Amino acid sequence: MMVLTKKMIEIRSILQKVGQSSSLALPSIVVIGSQSSGKSSVLEALVGHEFLPKGSNMVTRRPIELTLVNTPESGDEYGEFPDLGLRRISDFSSIQRTLTELNTAVSDADCVSDDPIHLTIYSPNVPDLSLIDLPGYIQVVGQNQPLQLKQKISELCDKYIQPPNVILAISAADVDLANSTALRASRRVDPRGERTIGVITKMDLVDPTRGASILNDKQYPLRLGYVGVVSKAPSAQGLFKMGPTNLMSAITKHENSFFSSHPLEFGPDAGVNVGTTTLRKKLMHVLEQTMSASLQTTSNAIRQELEEATYEFKVQYNDRPLSAESYLAESLDTFKHSFKQFTEGFGRPQMRELLKSELDQKVLDLLAARYWNKPITDLSVATPEPDHIADLPKAEPDSLYWHRQLDASASALTKLGVGRLATTVVASSLQTHVDKLLNNSNFASHPFARQAILEAASTILNERFYSTSDQVENCIKPFKFEIDIEEREWSQGRQHAGEVLKKELHDCEAALGSLESSVGGRRKMKEVINFIDKARKGDIVVEGDGRSGAGGFSAALLTKGREAVFLRDRADIIKMRLMAVKSKQCASIKNKYYCPEVFLDAVASKLASTAVLFLNVELLSEFYYNFPRELDLRLGRHLTEDEAEKFAKEDPKIRRHLEVIRRKELLELVLEKMDSLRQLEGRERDRGTSG
Ligand code: GDP
């Protein structure tokens, strides 16, 4: 018969994973009693080990859902905390420590929590039972304890003593039964005494006649009856020497000798139930009865729950199967695919373009510093008109000064650290692209995976960084000594330099435009600019430092005005440079000293093209080869089941989807188990009646 309870306890634990709904739960035995009634002693006598938290200050603050599993074939005794992943703890004092820690983790302010601790104990000496130990009722609220504590404990207990659970109400023999908090609580929810077992502890502390009369109590009759126990071993010290394994036999021996020394009151003919062994048998029997009685209702509830889950799965998720692993694998495949697509569109030409535009900026800066660094008046050009070209800085082809200027500029360009610059530009562009791909992938809503992927990319890029920089730097080394530009390269440079300047001019004018509208229009800005121009030429004297405003303009307005003057002057210079580039003089490389813009552009192009050849081999190909492999390593098959689960559940949509499926699967599993159990039970019953 006992197979039944074992199987039902198994089902009960599966059901616990399904959800909270009480209609889905199979019954358990709930142990209640006031503090010091001997509740812990009874439980430990049943288990045969000391394992419950001890101490005076409210040591049980959370329900302990205790599952006892009988393992007849094995001599090992051990406990497990499945929620904590703690397995096979064979040292019961370590179980006791863990329980104490878990309980004391509940703050003094809260005092009790309804979050249960799950503990399973495997032993050949325990019966298959499922018990729930609850905080003991308190009579008087102690110091430092919240006033509503009494209330809180009682509410917590009330939650658990609901049907179909069996109530094990513990009362001490030396306290009047009318004062037993446990019995009072049980009567509230089980007024006819149909699912309460009364346990009277400390039978050794009262006169045997009185003890026997308690067990025969007629004032609080219980259908399942009372059991009297002496669950304290003779001497704690002696027990310690004996070692904990003998707790069970020590108690039994002590109990037996006590009860058998009073045969009149407790003997076989006295009609009372006594002893821990009797209690154990009774619990097994009652739990099995209760479990099989609730088998039908529970399986109906499960069937209904399953129907709901199936419906939700169909309507919300189109019956689409999904597992954390398959979701991860699919997401990874899609991501790798999108990466592959990206690689096809990002190669040498794209890198070259990136690098060239970076160098263009450097060229602009160099030119500004070496050629266009004087105030425009010094260049004797006020408003550049085509006929002012002649006023450009005169570059005598043979003037050593202009030779040196150009050579110095070219040398500054080749020596600015092209290796590092090129590698940085390409690497950070790759990072940005990976980031973009991520944002458009499933991983967008998975911070954990996102992080892993970004790290995968940066790890590879970082590893290649220094060697790539060095290689590129080496390969452009010749240009530091000599640069040969062909006519074709020159005319390309001329074309491109013109475009770069045009873009600069456009940006400059746009900035000026937005500055104008920020002060209320072009007219207003013109007034401010006029004032600043005059002040600069010394036509008018600006009082003070101008910070507090001048000429009827506020300080803020003057600041904007100065910015505008700067932009205007800059635009003028750019226009002039643009015209120079377009001029006939710059049509051929022969005049390279006239045309630094074109020359440096051509040099920059050479640098970019050469650098890209090596970037391609050293960085890009390596990255394209290694990145997908690194992804597999970090997110692929190497993730454990739990990690995959954690990943998938980061996305709330996927989480719900997975949960419905899991719920459905668990319910199906439970139902299957229950059906076969019912068949087994039916067969047992038939055998019982025929036998
Ligand atoms: P709990 O607070 O209800 O868990 O009570 P305990 O199991 O910790 O017991 C309270 C006190 O009563 C302890 O000192 C036990 O040793 C003692 N005790 C428990 N059961 C018995 C018993 O059957 N006989 C005697 N004499 N003392 C007991």
# chains A, B, ... in the order shown; residues from 1 in each chain; ligands from 1
call {"tool": "residues_near_ligand", "arguments": {"ligand": "ligand 1", "cutoff": "10 Å", "atoms": "only C-alpha atoms and all ligand atoms", "output": "PDB file with N, CA, C and O atoms, in the first residue's frame"}}
result
ATOM      1  N   ILE A  32       1.132  21.857  13.993  1.00  0.00           N
ATOM      2  CA  ILE A  32       1.011  23.118  14.732  1.00  0.00           C
ATOM      3  C   ILE A  32       1.104  22.854  16.232  1.00  0.00           C
ATOM      4  O   ILE A  32       0.820  21.745  16.703  1.00  0.00           O
ATOM      5  N   GLY A  33       1.492  23.867  16.956  1.00  0.00           N
ATOM      6  CA  GLY A  33       1.590  23.722  18.409  1.00  0.00           C
ATOM      7  C   GLY A  33       2.153  25.002  18.961  1.00  0.00           C
ATOM      8  O   GLY A  33       2.760  25.778  18.215  1.00  0.00           O
ATOM      9  N   SER A  34       1.930  25.233  20.255  1.00  0.00           N
ATOM     10  CA  SER A  34       2.487  26.479  20.776  1.00  0.00           C
ATOM     11  C   SER A  34       3.951  26.241  21.116  1.00  0.00           C
ATOM     12  O   SER A  34       4.412  25.105  21.172  1.00  0.00           O
ATOM     13  N   GLN A  35       4.670  27.345  21.306  1.00  0.00           N
ATOM     14  CA  GLN A  35       6.091  27.244  21.627  1.00  0.00           C
ATOM     15  C   GLN A  35       6.291  26.365  22.851  1.00  0.00           C
ATOM     16  O   GLN A  35       5.520  26.446  23.803  1.00  0.00           O
ATOM     17  N   SER A  36       7.309  25.517  22.785  1.00  0.00           N
ATOM     18  CA  SER A  36       7.661  24.619  23.884  1.00  0.00           C
ATOM     19  C   SER A  36       6.675  23.495  24.125  1.00  0.00           C
ATOM     20  O   SER A  36       6.743  22.804  25.139  1.00  0.00           O
ATOM     21  N   SER A  37       5.722  23.304  23.197  1.00  0.00           N
ATOM     22  CA  SER A  37       4.782  22.204  23.380  1.00  0.00           C
ATOM     23  C   SER A  37       5.473  20.877  23.095  1.00  0.00           C
ATOM     24  O   SER A  37       4.948  19.812  23.400  1.00  0.00           O
ATOM     25  N   GLY A  38       6.674  20.943  22.484  1.00  0.00           N
ATOM     26  CA  GLY A  38       7.396  19.713  22.161  1.00  0.00           C
ATOM     27  C   GLY A  38       7.265  19.356  20.690  1.00  0.00           C
ATOM     28  O   GLY A  38       7.516  18.226  20.280  1.00  0.00           O
ATOM     29  N   LYS A  39       6.876  20.337  19.897  1.00  0.00           N
ATOM     30  CA  LYS A  39       6.654  20.129  18.460  1.00  0.00           C
ATOM     31  C   LYS A  39       7.928  19.636  17.758  1.00  0.00           C
ATOM     32  O   LYS A  39       7.885  18.649  17.016  1.00  0.00           O
ATOM     33  N   SER A  40       9.038  20.329  18.009  1.00  0.00           N
ATOM     34  CA  SER A  40      10.288  19.932  17.352  1.00  0.00           C
ATOM     35  C   SER A  40      10.703  18.538  17.782  1.00  0.00           C
ATOM     36  O   SER A  40      11.162  17.732  16.973  1.00  0.00           O
ATOM     37  N   SER A  41      10.522  18.259  19.073  1.00  0.00           N
ATOM     38  CA  SER A  41      10.927  16.949  19.573  1.00  0.00           C
ATOM     39  C   SER A  41      10.162  15.831  18.872  1.00  0.00           C
ATOM     40  O   SER A  41      10.720  14.794  18.541  1.00  0.00           O
ATOM     41  N   VAL A  42       8.873  16.055  18.628  1.00  0.00           N
ATOM     42  CA  VAL A  42       8.070  15.040  17.947  1.00  0.00           C
ATOM     43  C   VAL A  42       8.588  14.816  16.533  1.00  0.00           C
ATOM     44  O   VAL A  42       8.800  13.675  16.093  1.00  0.00           O
ATOM     45  N   LEU A  43       8.822  15.921  15.818  1.00  0.00           N
ATOM     46  CA  LEU A  43       9.297  15.801  14.431  1.00  0.00           C
ATOM     47  C   LEU A  43      10.660  15.110  14.378  1.00  0.00           C
ATOM     48  O   LEU A  43      10.911  14.264  13.523  1.00  0.00           O
ATOM     49  N   GLU A  44      11.517  15.462  15.314  1.00  0.00           N
ATOM     50  CA  GLU A  44      12.849  14.852  15.302  1.00  0.00           C
ATOM     51  C   GLU A  44      12.782  13.383  15.684  1.00  0.00           C
ATOM     52  O   GLU A  44      13.555  12.562  15.176  1.00  0.00           O
ATOM     53  N   ALA A  45      11.843  13.034  16.549  1.00  0.00           N
ATOM     54  CA  ALA A  45      11.677  11.630  16.905  1.00  0.00           C
ATOM     55  C   ALA A  45      11.213  10.845  15.678  1.00  0.00           C
ATOM     56  O   ALA A  45      11.634   9.710  15.449  1.00  0.00           O
ATOM     57  N   LEU A  52      16.281  20.316  13.560  1.00  0.00           N
ATOM     58  CA  LEU A  52      15.514  21.566  13.555  1.00  0.00           C
ATOM     59  C   LEU A  52      16.244  22.661  14.336  1.00  0.00           C
ATOM     60  O   LEU A  52      16.996  22.367  15.258  1.00  0.00           O
ATOM     61  N   PRO A  53      16.037  23.913  13.943  1.00  0.00           N
ATOM     62  CA  PRO A  53      16.703  25.020  14.639  1.00  0.00           C
ATOM     63  C   PRO A  53      16.320  25.031  16.114  1.00  0.00           C
ATOM     64  O   PRO A  53      15.172  24.771  16.450  1.00  0.00           O
ATOM     65  N   LYS A  54      17.315  25.302  16.948  1.00  0.00           N
ATOM     66  CA  LYS A  54      17.045  25.352  18.387  1.00  0.00           C
ATOM     67  C   LYS A  54      17.367  26.749  18.909  1.00  0.00           C
ATOM     68  O   LYS A  54      18.217  27.445  18.357  1.00  0.00           O
ATOM     69  N   GLY A  55      16.727  27.117  19.973  1.00  0.00           N
ATOM     70  CA  GLY A  55      17.009  28.427  20.564  1.00  0.00           C
ATOM     71  C   GLY A  55      15.730  29.007  21.089  1.00  0.00           C
ATOM     72  O   GLY A  55      14.638  28.518  20.766  1.00  0.00           O
ATOM     73  N   SER A  56      15.889  30.054  21.876  1.00  0.00           N
ATOM     74  CA  SER A  56      14.686  30.570  22.533  1.00  0.00           C
ATOM     75  C   SER A  56      13.995  31.637  21.685  1.00  0.00           C
ATOM     76  O   SER A  56      12.806  31.857  21.788  1.00  0.00           O
ATOM     77  N   MET A  58      12.352  32.612  18.815  1.00  0.00           N
ATOM     78  CA  MET A  58      11.578  32.437  17.576  1.00  0.00           C
ATOM     79  C   MET A  58      12.412  31.817  16.458  1.00  0.00           C
ATOM     80  O   MET A  58      12.741  32.470  15.479  1.00  0.00           O
ATOM     81  N   VAL A  59      12.794  30.562  16.605  1.00  0.00           N
ATOM     82  CA  VAL A  59      13.717  29.984  15.643  1.00  0.00           C
ATOM     83  C   VAL A  59      13.070  29.517  14.345  1.00  0.00           C
ATOM     84  O   VAL A  59      13.723  29.419  13.326  1.00  0.00           O
ATOM     85  N   THR A  60      11.772  29.223  14.391  1.00  0.00           N
ATOM     86  CA  THR A  60      11.089  28.871  13.147  1.00  0.00           C
ATOM     87  C   THR A  60      10.292  30.067  12.675  1.00  0.00           C
ATOM     88  O   THR A  60       9.321  30.462  13.304  1.00  0.00           O
ATOM     89  N   ASP A 133       6.142  21.972   8.898  1.00  0.00           N
ATOM     90  CA  ASP A 133       6.361  22.507  10.242  1.00  0.00           C
ATOM     91  C   ASP A 133       6.151  24.018  10.207  1.00  0.00           C
ATOM     92  O   ASP A 133       6.707  24.705   9.358  1.00  0.00           O
ATOM     93  N   LEU A 134       5.333  24.508  11.119  1.00  0.00           N
ATOM     94  CA  LEU A 134       5.034  25.944  11.128  1.00  0.00           C
ATOM     95  C   LEU A 134       5.577  26.601  12.390  1.00  0.00           C
ATOM     96  O   LEU A 134       5.836  25.924  13.384  1.00  0.00           O
ATOM     97  N   PRO A 135       5.757  27.922  12.340  1.00  0.00           N
ATOM     98  CA  PRO A 135       6.214  28.613  13.559  1.00  0.00           C
ATOM     99  C   PRO A 135       5.269  28.317  14.718  1.00  0.00           C
ATOM    100  O   PRO A 135       4.056  28.236  14.517  1.00  0.00           O
ATOM    101  N   GLY A 136       5.836  28.131  15.926  1.00  0.00           N
ATOM    102  CA  GLY A 136       4.997  27.834  17.074  1.00  0.00           C
ATOM    103  C   GLY A 136       4.150  29.030  17.483  1.00  0.00           C
ATOM    104  O   GLY A 136       4.584  30.176  17.369  1.00  0.00           O
ATOM    105  N   TYR A 137       2.940  28.734  17.938  1.00  0.00           N
ATOM    106  CA  TYR A 137       2.092  29.828  18.449  1.00  0.00           C
ATOM    107  C   TYR A 137       2.763  30.415  19.663  1.00  0.00           C
ATOM    108  O   TYR A 137       3.365  29.694  20.461  1.00  0.00           O
ATOM    109  N   ILE A 138       2.665  31.736  19.812  1.00  0.00           N
ATOM    110  CA  ILE A 138       3.250  32.314  21.012  1.00  0.00           C
ATOM    111  C   ILE A 138       2.147  32.833  21.920  1.00  0.00           C
ATOM    112  O   ILE A 138       1.084  33.238  21.458  1.00  0.00           O
ATOM    113  N   ILE A 170      -0.266  19.603  18.265  1.00  0.00           N
ATOM    114  CA  ILE A 170       0.593  19.186  19.376  1.00  0.00           C
ATOM    115  C   ILE A 170       0.214  19.942  20.648  1.00  0.00           C
ATOM    116  O   ILE A 170       0.142  21.178  20.639  1.00  0.00           O
ATOM    117  N   SER A 171      -0.044  19.178  21.729  1.00  0.00           N
ATOM    118  CA  SER A 171      -0.301  19.828  23.018  1.00  0.00           C
ATOM    119  C   SER A 171       0.502  19.071  24.072  1.00  0.00           C
ATOM    120  O   SER A 171       0.699  17.862  23.956  1.00  0.00           O
ATOM    121  N   ALA A 172       0.960  19.791  25.069  1.00  0.00           N
ATOM    122  CA  ALA A 172       1.731  19.132  26.135  1.00  0.00           C
ATOM    123  C   ALA A 172       0.781  18.626  27.216  1.00  0.00           C
ATOM    124  O   ALA A 172      -0.208  19.272  27.542  1.00  0.00           O
ATOM    125  N   ALA A 173       1.113  17.454  27.759  1.00  0.00           N
ATOM    126  CA  ALA A 173       0.232  16.847  28.760  1.00  0.00           C
ATOM    127  C   ALA A 173       0.133  17.698  30.019  1.00  0.00           C
ATOM    128  O   ALA A 173      -0.877  17.696  30.718  1.00  0.00           O
ATOM    129  N   ASP A 174       1.199  18.463  30.307  1.00  0.00           N
ATOM    130  CA  ASP A 174       1.181  19.251  31.544  1.00  0.00           C
ATOM    131  C   ASP A 174       0.469  20.599  31.394  1.00  0.00           C
ATOM    132  O   ASP A 174       0.553  21.445  32.253  1.00  0.00           O
ATOM    133  N   ILE A 200      -0.273  14.272  22.225  1.00  0.00           N
ATOM    134  CA  ILE A 200      -0.037  14.770  23.578  1.00  0.00           C
ATOM    135  C   ILE A 200       1.411  14.425  23.946  1.00  0.00           C
ATOM    136  O   ILE A 200       1.764  13.249  24.054  1.00  0.00           O
ATOM    137  N   THR A 201       2.217  15.450  24.118  1.00  0.00           N
ATOM    138  CA  THR A 201       3.630  15.235  24.439  1.00  0.00           C
ATOM    139  C   THR A 201       3.837  15.293  25.945  1.00  0.00           C
ATOM    140  O   THR A 201       2.922  15.611  26.693  1.00  0.00           O
ATOM    141  N   LYS A 202       5.035  14.989  26.334  1.00  0.00           N
ATOM    142  CA  LYS A 202       5.457  15.083  27.744  1.00  0.00           C
ATOM    143  C   LYS A 202       4.568  14.254  28.670  1.00  0.00           C
ATOM    144  O   LYS A 202       4.247  14.677  29.790  1.00  0.00           O
ATOM    145  N   MET A 203       4.170  13.076  28.167  1.00  0.00           N
ATOM    146  CA  MET A 203       3.338  12.200  28.982  1.00  0.00           C
ATOM    147  C   MET A 203       4.030  11.833  30.285  1.00  0.00           C
ATOM    148  O   MET A 203       3.387  11.514  31.287  1.00  0.00           O
ATOM    149  N   ASP A 204       5.359  11.874  30.270  1.00  0.00           N
ATOM    150  CA  ASP A 204       6.108  11.521  31.484  1.00  0.00           C
ATOM    151  C   ASP A 204       6.010  12.577  32.576  1.00  0.00           C
ATOM    152  O   ASP A 204       6.402  12.347  33.707  1.00  0.00           O
ATOM    153  N   LEU A 205       5.472  13.731  32.223  1.00  0.00           N
ATOM    154  CA  LEU A 205       5.437  14.802  33.222  1.00  0.00           C
ATOM    155  C   LEU A 205       4.140  14.839  34.026  1.00  0.00           C
ATOM    156  O   LEU A 205       4.000  15.637  34.940  1.00  0.00           O
ATOM    157  N   VAL A 206       3.183  13.983  33.626  1.00  0.00           N
ATOM    158  CA  VAL A 206       1.942  13.983  34.412  1.00  0.00           C
ATOM    159  C   VAL A 206       1.682  12.594  34.991  1.00  0.00           C
ATOM    160  O   VAL A 206       2.218  11.587  34.504  1.00  0.00           O
ATOM    161  N   GLY A 228      -0.372   9.602  22.675  1.00  0.00           N
ATOM    162  CA  GLY A 228       0.508  10.145  23.709  1.00  0.00           C
ATOM    163  C   GLY A 228       1.952   9.746  23.450  1.00  0.00           C
ATOM    164  O   GLY A 228       2.220   8.612  23.059  1.00  0.00           O
ATOM    165  N   VAL A 229       2.876  10.674  23.610  1.00  0.00           N
ATOM    166  CA  VAL A 229       4.286  10.346  23.378  1.00  0.00           C
ATOM    167  C   VAL A 229       5.201  10.902  24.467  1.00  0.00           C
ATOM    168  O   VAL A 229       4.834  11.831  25.183  1.00  0.00           O
ATOM    169  N   VAL A 230       6.368  10.307  24.554  1.00  0.00           N
ATOM    170  CA  VAL A 230       7.440  10.878  25.359  1.00  0.00           C
ATOM    171  C   VAL A 230       8.584  11.015  24.368  1.00  0.00           C
ATOM    172  O   VAL A 230       9.276  10.061  24.054  1.00  0.00           O
ATOM    173  N   SER A 231       8.714  12.196  23.807  1.00  0.00           N
ATOM    174  CA  SER A 231       9.654  12.282  22.695  1.00  0.00           C
ATOM    175  C   SER A 231      10.970  12.902  23.114  1.00  0.00           C
ATOM    176  O   SER A 231      11.700  13.442  22.300  1.00  0.00           O
ATOM    177  N   LYS A 232      11.234  12.797  24.402  1.00  0.00           N
ATOM    178  CA  LYS A 232      12.515  13.316  24.847  1.00  0.00           C
ATOM    179  C   LYS A 232      13.357  12.145  25.311  1.00  0.00           C
ATOM    180  O   LYS A 232      12.902  11.315  26.083  1.00  0.00           O
ATOM    181  N   ALA A 233      14.587  12.089  24.784  1.00  0.00           N
ATOM    182  CA  ALA A 233      15.467  11.000  25.196  1.00  0.00           C
ATOM    183  C   ALA A 233      15.876  11.220  26.632  1.00  0.00           C
ATOM    184  O   ALA A 233      15.836  12.345  27.123  1.00  0.00           O
ATOM    185  N   PRO A 234      16.258  10.139  27.350  1.00  0.00           N
ATOM    186  CA  PRO A 234      16.501  10.213  28.804  1.00  0.00           C
ATOM    187  C   PRO A 234      17.403  11.365  29.230  1.00  0.00           C
ATOM    188  O   PRO A 234      16.999  12.181  30.028  1.00  0.00           O
ATOM    189  N   SER A 235      18.605  11.442  28.696  1.00  0.00           N
ATOM    190  CA  SER A 235      19.463  12.558  29.111  1.00  0.00           C
ATOM    191  C   SER A 235      20.195  13.102  27.903  1.00  0.00           C
ATOM    192  O   SER A 235      20.796  12.343  27.143  1.00  0.00           O
ATOM    193  N   ALA A 236      20.133  14.375  27.775  1.00  0.00           N
ATOM    194  CA  ALA A 236      20.723  14.998  26.586  1.00  0.00           C
ATOM    195  C   ALA A 236      22.203  14.676  26.495  1.00  0.00           C
ATOM    196  O   ALA A 236      22.732  14.432  25.414  1.00  0.00           O
ATOM    197  N   ILE A 251      14.890   7.022  21.986  1.00  0.00           N
ATOM    198  CA  ILE A 251      13.565   7.532  22.348  1.00  0.00           C
ATOM    199  C   ILE A 251      12.582   6.377  22.489  1.00  0.00           C
ATOM    200  O   ILE A 251      11.827   6.292  23.469  1.00  0.00           O
ATOM    201  N   GLU A 255      10.631   5.579  25.791  1.00  0.00           N
ATOM    202  CA  GLU A 255       9.177   5.654  25.717  1.00  0.00           C
ATOM    203  C   GLU A 255       8.554   4.316  26.137  1.00  0.00           C
ATOM    204  O   GLU A 255       7.671   4.280  26.989  1.00  0.00           O
TER     205      GLU A 255
END
call {"tool": "residues_around", "arguments": {"residues": "Arg662 of chain A", "least_positions_apart": "4", "cutoff": "12 Å", "atoms": "only C-alpha atoms", "output": "PyMOL selection string"}}
result
chain A and resi 14-15+17-19+306+309-310+313+321-324+645+655-658+666-669
call {"tool": "write_last_selection", "arguments": {"atoms": "N, CA, C and O atoms", "output": "PDB file, in the first residue's frame"}}
result
ATOM      1  N   ILE A  14       5.879  17.582  -7.870  1.00  0.00           N
ATOM      2  CA  ILE A  14       5.757  18.109  -9.243  1.00  0.00           C
ATOM      3  C   ILE A  14       4.716  19.228  -9.262  1.00  0.00           C
ATOM      4  O   ILE A  14       4.916  20.276  -9.858  1.00  0.00           O
ATOM      5  N   LEU A  15       3.621  18.973  -8.548  1.00  0.00           N
ATOM      6  CA  LEU A  15       2.554  19.978  -8.513  1.00  0.00           C
ATOM      7  C   LEU A  15       3.038  21.290  -7.920  1.00  0.00           C
ATOM      8  O   LEU A  15       2.611  22.370  -8.325  1.00  0.00           O
ATOM      9  N   LYS A  17       5.771  22.593  -8.390  1.00  0.00           N
ATOM     10  CA  LYS A  17       6.471  23.363  -9.419  1.00  0.00           C
ATOM     11  C   LYS A  17       5.477  24.038 -10.357  1.00  0.00           C
ATOM     12  O   LYS A  17       5.800  25.005 -11.028  1.00  0.00           O
ATOM     13  N   VAL A  18       4.266  23.469 -10.447  1.00  0.00           N
ATOM     14  CA  VAL A  18       3.289  24.023 -11.384  1.00  0.00           C
ATOM     15  C   VAL A  18       2.794  25.380 -10.932  1.00  0.00           C
ATOM     16  O   VAL A  18       2.666  26.314 -11.705  1.00  0.00           O
ATOM     17  N   GLY A  19       2.495  25.484  -9.655  1.00  0.00           N
ATOM     18  CA  GLY A  19       1.989  26.787  -9.224  1.00  0.00           C
ATOM     19  C   GLY A  19       1.342  26.736  -7.860  1.00  0.00           C
ATOM     20  O   GLY A  19       1.280  25.686  -7.224  1.00  0.00           O
ATOM     21  N   LEU A 306      -5.211  21.977 -16.992  1.00  0.00           N
ATOM     22  CA  LEU A 306      -4.522  21.579 -18.222  1.00  0.00           C
ATOM     23  C   LEU A 306      -5.277  22.101 -19.440  1.00  0.00           C
ATOM     24  O   LEU A 306      -4.683  22.578 -20.403  1.00  0.00           O
ATOM     25  N   ALA A 309      -4.467  25.707 -19.820  1.00  0.00           N
ATOM     26  CA  ALA A 309      -3.115  25.918 -20.346  1.00  0.00           C
ATOM     27  C   ALA A 309      -3.063  25.579 -21.835  1.00  0.00           C
ATOM     28  O   ALA A 309      -2.453  26.288 -22.629  1.00  0.00           O
ATOM     29  N   THR A 310      -3.736  24.498 -22.213  1.00  0.00           N
ATOM     30  CA  THR A 310      -3.758  24.081 -23.620  1.00  0.00           C
ATOM     31  C   THR A 310      -4.415  25.148 -24.481  1.00  0.00           C
ATOM     32  O   THR A 310      -3.943  25.480 -25.571  1.00  0.00           O
ATOM     33  N   PHE A 313      -2.156  28.142 -24.805  1.00  0.00           N
ATOM     34  CA  PHE A 313      -1.065  27.791 -25.709  1.00  0.00           C
ATOM     35  C   PHE A 313      -1.511  27.905 -27.159  1.00  0.00           C
ATOM     36  O   PHE A 313      -0.796  28.403 -28.022  1.00  0.00           O
ATOM     37  N   PRO A 321       5.740  25.174 -30.661  1.00  0.00           N
ATOM     38  CA  PRO A 321       6.617  24.621 -29.627  1.00  0.00           C
ATOM     39  C   PRO A 321       7.832  25.521 -29.422  1.00  0.00           C
ATOM     40  O   PRO A 321       8.254  26.225 -30.338  1.00  0.00           O
ATOM     41  N   LEU A 322       8.349  25.511 -28.221  1.00  0.00           N
ATOM     42  CA  LEU A 322       9.501  26.364 -27.917  1.00  0.00           C
ATOM     43  C   LEU A 322      10.210  25.788 -26.698  1.00  0.00           C
ATOM     44  O   LEU A 322       9.569  25.301 -25.777  1.00  0.00           O
ATOM     45  N   SER A 323      11.521  25.820 -26.746  1.00  0.00           N
ATOM     46  CA  SER A 323      12.268  25.488 -25.527  1.00  0.00           C
ATOM     47  C   SER A 323      13.363  26.530 -25.401  1.00  0.00           C
ATOM     48  O   SER A 323      13.710  27.193 -26.382  1.00  0.00           O
ATOM     49  N   ALA A 324      13.875  26.661 -24.193  1.00  0.00           N
ATOM     50  CA  ALA A 324      14.918  27.667 -23.977  1.00  0.00           C
ATOM     51  C   ALA A 324      16.081  27.399 -24.927  1.00  0.00           C
ATOM     52  O   ALA A 324      16.613  28.308 -25.553  1.00  0.00           O
ATOM     53  N   GLU A 645      18.049  28.709 -19.917  1.00  0.00           N
ATOM     54  CA  GLU A 645      16.742  29.050 -19.363  1.00  0.00           C
ATOM     55  C   GLU A 645      16.749  30.507 -18.888  1.00  0.00           C
ATOM     56  O   GLU A 645      15.835  31.276 -19.174  1.00  0.00           O
ATOM     57  N   ARG A 655       9.414  34.332 -21.925  1.00  0.00           N
ATOM     58  CA  ARG A 655       9.216  33.752 -20.603  1.00  0.00           C
ATOM     59  C   ARG A 655       7.791  33.201 -20.458  1.00  0.00           C
ATOM     60  O   ARG A 655       7.593  32.066 -20.059  1.00  0.00           O
ATOM     61  N   ARG A 656       6.823  34.019 -20.844  1.00  0.00           N
ATOM     62  CA  ARG A 656       5.429  33.577 -20.716  1.00  0.00           C
ATOM     63  C   ARG A 656       5.167  32.364 -21.591  1.00  0.00           C
ATOM     64  O   ARG A 656       4.520  31.405 -21.190  1.00  0.00           O
ATOM     65  N   HIS A 657       5.700  32.447 -22.800  1.00  0.00           N
ATOM     66  CA  HIS A 657       5.529  31.333 -23.732  1.00  0.00           C
ATOM     67  C   HIS A 657       6.101  30.036 -23.130  1.00  0.00           C
ATOM     68  O   HIS A 657       5.437  28.998 -23.086  1.00  0.00           O
ATOM     69  N   LEU A 658       7.318  30.124 -22.638  1.00  0.00           N
ATOM     70  CA  LEU A 658       7.969  28.947 -22.054  1.00  0.00           C
ATOM     71  C   LEU A 658       7.203  28.437 -20.829  1.00  0.00           C
ATOM     72  O   LEU A 658       7.067  27.237 -20.624  1.00  0.00           O
ATOM     73  N   LEU A 666       4.072  19.773 -17.364  1.00  0.00           N
ATOM     74  CA  LEU A 666       4.040  19.260 -15.995  1.00  0.00           C
ATOM     75  C   LEU A 666       2.658  18.693 -15.663  1.00  0.00           C
ATOM     76  O   LEU A 666       2.538  17.626 -15.074  1.00  0.00           O
ATOM     77  N   LEU A 667       1.639  19.440 -16.098  1.00  0.00           N
ATOM     78  CA  LEU A 667       0.284  18.981 -15.800  1.00  0.00           C
ATOM     79  C   LEU A 667       0.002  17.660 -16.502  1.00  0.00           C
ATOM     80  O   LEU A 667      -0.603  16.750 -15.925  1.00  0.00           O
ATOM     81  N   GLU A 668       0.467  17.551 -17.744  1.00  0.00           N
ATOM     82  CA  GLU A 668       0.269  16.294 -18.468  1.00  0.00           C
ATOM     83  C   GLU A 668       0.974  15.142 -17.757  1.00  0.00           C
ATOM     84  O   GLU A 668       0.410  14.057 -17.595  1.00  0.00           O
ATOM     85  N   LEU A 669       2.184  15.426 -17.312  1.00  0.00           N
ATOM     86  CA  LEU A 669       2.967  14.413 -16.614  1.00  0.00           C
ATOM     87  C   LEU A 669       2.250  13.964 -15.344  1.00  0.00           C
ATOM     88  O   LEU A 669       2.089  12.777 -15.070  1.00  0.00           O
TER      89      LEU A 669
END
call {"tool": "residues_around", "arguments": {"residues": "Leu224 of chain A", "least_positions_apart": "3", "cutoff": "8 Å", "atoms": "only C-alpha atoms", "output": "PyMOL selection string"}}
result
chain A and resi 193-198
call {"tool": "select_by_dssp", "arguments": {"residues": "segment 185-306 of chain A", "states": "helix (DSSP H, G or I)", "output": "PyMOL selection string"}}
result
chain A and resi 185-189+203-205+208-215+236-242+244-260+263-266+268-270+276-306
